[in-house]
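Accompanying notes for the structure given below.
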Amino acid sequence: MTSYKLTPKPLTKEAFAPFGDVVEIEDQTGNISQDNLIMINGGNTERYDSLAKVQLSSPEDTAVINIFRAQPRSMPMNIEMMERHPRGSQSFHPLSGEDYLVLVADSVEALTPEHLHLFLAKGTQGINYHLNTWHHPVLGLNKVCDFLVVDRKGEGNNCEEFFFDKALNITIDL
Ligand SMILES: NC(=O)N[C@@H](O)C(=O)O
Ligand code: NI
């Protein structure tokens with residue numbers, strides 16, 4: 001049995017760029033980018049515009065808005081599988097204010113533990129997995145957490161799964 005322990009990195013736009021977008025106003029260093037800022041509503045409201053895009057695959061696809069109520073993951077946690085959505089992006093926006101984990105992998109067909117990348121997301125950070133990005137199903141922490149999820153609805157299978165060899169002992173232990 002070979003063991004692999006995953007440790008999280010802070011979630012930043014730059015580190016997450018190969019996998020998707022980080023949807024936030026203030027980053028983990030406290031910086032607020034003005035790049036997407038548009039003042040609207042007569043100056044009452046700041047619109048941080050187009051921080052990410054919903055990716056679809058066909059004109060018949062629709063983008064849908066969901067809420068996922070996730071049970072907290074108990075640690076240490078074994079990682080047995082990853083999934084990806086070949087026909088659309090998928091974004092998660094925490095509604096409960098809790099930090100959560102984001103586990104993604106390099107874009108290869110045969111995943112090994114070396115392809116995995118674990119991030120710790122703050123409760124103020126959303127993420128948008130780009131189309132076909134390997135990721136683990138939602139990883140809530142500490143308490144039952146709600147996430148606003150925007151993803152693709154349409155024809156055809158939009159969830160491909162990869163299961164690691166059981167001889168690999170891949171764990172997250174915070
Ligand atoms: N299955 C489902 O809708 N959820 C997963 O895609 C997930 O990333 O949590
Ligand atoms: Ni998913």
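Simple scheme: letters A, B, ... for chains in structure tokens order, numbers from 1 for residues in each chain, numbers from 1 for ligands in the order shown.
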
Practice task
Report the residues of range 28-133 of chain A whose backbone DSSP state falls under strand (DSSP E), written as a PyMOL selection string.
Solution key: chain A and resi 37-40+45-48+62-70+77-78+81-84+90-94+100-105+116-121+126-129

Problem - Protein and nucleic residues near ligand 2, 10 Å, only C-alpha atoms and all ligand atoms, as an MDAnalysis selection string - result: chainID A and resid 82:85 88:92 129 132:138 149 151 158:161

Exercise for the section: Quick one: everything within 12 Å of Asp21 in chain A, counting only C-alpha atoms, minus sequence neighbours fewer than 4 positions away in the same chain. Send it as an NGL selection string. Expected result: :A and (11-17 or 50-55 or 89-93 or 125-131 or 133)

Handout entry: Which of A:Ile25, A:Ile170, A:Leu120, A:Ala70 sits closest to ligand 1 [using only C-alpha atoms and all ligand atoms]
Key = A:Ala70

Handout entry: Residues of range 11-150 of chain A in alpha helix (DSSP H), written as a ChimeraX atom specification
Key = /A:13-16
